[in-house]
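Right, one structure below, let's go through it.
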2 protein chains.
Amino acid sequence: MKNPLGMAVLGLLLESPLHPHAMAATLRDRGMDRAFKVTTGSLYDVVRALVREGWIEARETVKVGARPERTIYGLTAAGQEEFTRWVDRLVREPQAEFPKFLSAVSYLGALGPAGAVEALRERADRLRASVEEIRRSHAAALGEVPRLFVIEAEYAARMTEAELAWVEEVAGEIEAGGLAWPEEGR
Amino acid sequence: MKNPLGMAVLGLLLESPLHPHAMAATLRDRGMDRAFKVTTGSLYDVVRALVREGWIEARETVKVGARPERTIYGLTAAGQEEFTRWVDRLVREPQAEFPKFLSAVSYLGALGPAGAVEALRERADRLRASVEEIRRSHAAALGEVPRLFVIEAEYAARMTEAELAWVEEVAGEIEAGGLAWPEEGR
DNA sequence: CCTCAAATACTCGGATCCGAGCGATCGGAG
DNA sequence: CTCCGATCGCTCGGATCCGAGTATTTGAGG
C-alpha cells in the first residue's frame, strides 16, 4: 500500500462511513483532487487493498432502486492508527520524487538557446495562471473552512511560485548569454 | 509511452548506440538517476516500447564469452525528432503532479499542533541535508562539464530550498499560535 | 410527458511498473 | 590455481494503475 489515495480514503472515513463512489465525489468536491490523483479504477483497487490490510471493513451493502449495490466501508481501530502514522511518515521523510520537469530540464540543451527560452517562457505563463488559480480557490475556501484545512494550497502556491521564479531567471540568463551553449549535445 | 525514462534513453542514444545494461550504468554514473527513476525492470519495458514506436531499433546483438547476448539499440530518425518534441513538451506544459508531501500536508491537522511541529522540524532537517548534498555534487560536477549539463541540480536545489522555507515558516507559525487548530479533525 | 444530459456506481482488461531472482563471468586474495 | 564477491545482463510474474465501457436513474427543459 503505497498509493496516497489510500491515506485520503482513511482520512475521509474518519468522519463517517462511505461507499467508494461517495468517496470520490467528496474528494473532488472538496478540491482534494488537486493533492491526490483520484481515478475510479485506482480507487476501487485501493479500497480492496485497505480491506486486505484490515484498515477498513465493509459495514453494509445497500441497494437503492435497481442501481448496482453500494458497499459502505468504515474505519477499523487499526485504520485510525495507520492514518496518523501514514501522515506522520510522509511529513517527516522527504521521498525521492521525479517530477517530469526535472527530467526535461536535464535535457534542456536539446532545445538550443532560442528554443529553450521560448519553451521556458511559455511554461512561465502557464505557471503564472496556475498560481492565480490556486490563490483564487484558496481565498474562496477560506470563507468556508479554517485555514488549517486548506493549508496545502499555500504550499502548492509557494512551490509553483518558486518554480516560476527559477524558470524566468534561467530564461533571462540564456537570453543575456549568461548560460553558455556548448557545441555538442551531451 | 509516458515514462520519462524513455526520454532519457533517447537522449543517451543520441550520443551512441548502447545496450540496455550500459544505458542504466551510464545514467547512474552521470547522476541522472536523481532526475529519472531508473529500475532495471522498467528499463527493459521502456526499450521495448521505444522499439514498438519506431524511435529506436536493434542494431546488432553481440555475444561476449558465454554471457547472455547484448542487443545494441540505436536511434532512428523518428527517434531524434521525438526526443526534441518530448523535451519541448515537458518544458512547455506543466503536468499535474502529486508529490506525496502535498497529500500529507492536506491532512496535517491529524497530527495535532505539537505532533505537526515535530514532524515538520524533522523534515526541515532532512531537507537541509538534501540541499547540501545537491549543492556539493553540483559543485563537483561543474569541474567536469559545462553548467548547462547540470542545470537540473540548480532547479532541484531551489525547489528544495523553497520547500524548506515553507516548512520552517509553518512550524514557526504553529508554535507561535498563528495557525489555529480547530477541535474536530475534518 | 418525453428526451437527453448529467449523475450514480462499478467492472474489466490491457499497460506499466519493478523488485527478486538467475546464471553466468571477471578480478583479486590467498 | 581456486575460491568468492562483485559485476554483468536480463527475465519473470505479481502488483498496481487507470481509462474506457456499462447500465441505470434522476432532473431540467421543452
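Naming scheme: A, B, ... for chains in displayed order of the C-alpha cells; residues 1 onward per chain; ligands 1 onward as shown.
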
- With a cut-off of 10 Å and counting only C-alpha atoms (C1' of nucleotides), select all residues of chain D in contact with chain A and give the selection as a list of chain:residue names. D:DA15, D:DT16, D:DC17, D:DC18, D:DG19, D:DA23, D:DT24, D:DT25

- Message: List as an MDAnalysis selection string the protein and nucleic acid residues near segment 115-122 of chain A, meaning an atom at most 7 Å away when only C-alpha atoms (C1' of nucleotides) are counted, but skip any in the same chain fewer than 2 places from it.
- Response: (chainID A and resid 108 111:113 124:126 167:168 171 174) or (chainID B and resid 88 91:92)

- For chain A against chain B, which residues fall within 7 Å using only C-alpha atoms, given as an MDAnalysis selection string? chainID A and resid 4 35:37 84 87:88 90:94 98 100:107 109:111 119:120 122:123 148:152 159 162:163 179:181

If you keep C-alpha atoms, can you produce a file of those selected residues as an mmCIF file, in the first residue's frame?
```cif
data_model
loop_
_atom_site.group_PDB
_atom_site.id
_atom_site.type_symbol
_atom_site.label_atom_id
_atom_site.label_comp_id
_atom_site.auth_asym_id
_atom_site.auth_seq_id
_atom_site.Cartn_x
_atom_site.Cartn_y
_atom_site.Cartn_z
ATOM 1 C CA PRO A 4 -1.541 8.161 -1.094
ATOM 2 C CA ALA A 35 -3.443 16.807 -3.918
ATOM 3 C CA PHE A 36 -4.467 13.229 -4.680
ATOM 4 C CA LYS A 37 -4.782 11.563 -8.018
ATOM 5 C CA THR A 84 -1.896 9.067 11.702
ATOM 6 C CA VAL A 87 0.565 11.281 7.630
ATOM 7 C CA ASP A 88 3.392 11.494 10.106
ATOM 8 C CA LEU A 90 5.023 11.406 4.812
ATOM 9 C CA VAL A 91 5.610 14.690 6.597
ATOM 10 C CA ARG A 92 8.815 13.541 8.287
ATOM 11 C CA GLU A 93 10.534 11.792 5.421
ATOM 12 C CA PRO A 94 11.019 13.523 2.106
ATOM 13 C CA PHE A 98 10.775 12.513 -10.108
ATOM 14 C CA LYS A 100 8.670 15.449 -15.178
ATOM 15 C CA PHE A 101 10.028 18.952 -15.417
ATOM 16 C CA LEU A 102 13.165 17.888 -13.598
ATOM 17 C CA SER A 103 13.699 15.222 -16.250
ATOM 18 C CA ALA A 104 13.089 17.698 -19.025
ATOM 19 C CA VAL A 105 15.460 20.270 -17.568
ATOM 20 C CA SER A 106 18.177 17.632 -17.612
ATOM 21 C CA TYR A 107 17.979 17.763 -21.388
ATOM 22 C CA GLY A 109 20.316 21.674 -24.018
ATOM 23 C CA ALA A 110 18.493 19.756 -26.746
ATOM 24 C CA LEU A 111 16.249 22.733 -27.470
ATOM 25 C CA ALA A 119 9.573 26.965 -24.159
ATOM 26 C CA LEU A 120 10.534 28.316 -20.747
ATOM 27 C CA GLU A 122 5.510 29.547 -22.250
ATOM 28 C CA ARG A 123 5.866 27.474 -19.121
ATOM 29 C CA LEU A 148 -5.543 24.645 8.548
ATOM 30 C CA PHE A 149 -7.821 22.623 6.315
ATOM 31 C CA VAL A 150 -6.681 24.304 3.150
ATOM 32 C CA ILE A 151 -3.070 24.868 4.075
ATOM 33 C CA GLU A 152 -1.938 22.613 1.244
ATOM 34 C CA MET A 159 6.200 25.839 -4.768
ATOM 35 C CA ALA A 162 9.451 29.160 -6.715
ATOM 36 C CA GLU A 163 9.451 27.253 -9.970
ATOM 37 C CA LEU A 179 24.420 30.444 -19.748
ATOM 38 C CA ALA A 180 26.761 29.092 -22.384
ATOM 39 C CA TRP A 181 25.613 26.607 -25.005
#
```

- Shortest interatomic distance to chain A - which of C:DT16, C:DC10, C:DA24, C:DA29, counting only C-alpha atoms (C1' of nucleotides): C:DC10

Within 8 Å of chain B, which residues of chain C come that close, and what is the closest atom pair and distance in Å for each? Count only C-alpha atoms (C1' of nucleotides) and give it as CSV.
```
residue,atom,partner,partner_atom,distance
C:DC17,C1',B:Ser42,CA,6.1
C:DC18,C1',B:Gly41,CA,5.3
C:DG19,C1',B:Gly41,CA,7.9
C:DA24,C1',B:Arg67,CA,5.8
C:DT25,C1',B:Arg67,CA,7.2
```

- Query: For the atom pair atom CA of Gly178 of chain A and atom CA of Ala157 of chain B, what is the interatomic distance in Å to one decimal place?
  - Reply: 19.3 Å

- Task: Can you list, as a PyMOL selection string, all residues belonging to chain B that DSSP tags as alpha helix (DSSP H)?
- Result: chain B and resi 4-13+20-29+40-53+77-92+100-106+112-142+151-175

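When atom C1' of DG30 of chain C is paired with atom C1' of DC1 of chain D, their separation reads 10.5 Å.
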
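In this model, the gap between atom C1' of DA20 of chain C and atom C1' of DC8 of chain D comes to 16.6 Å.
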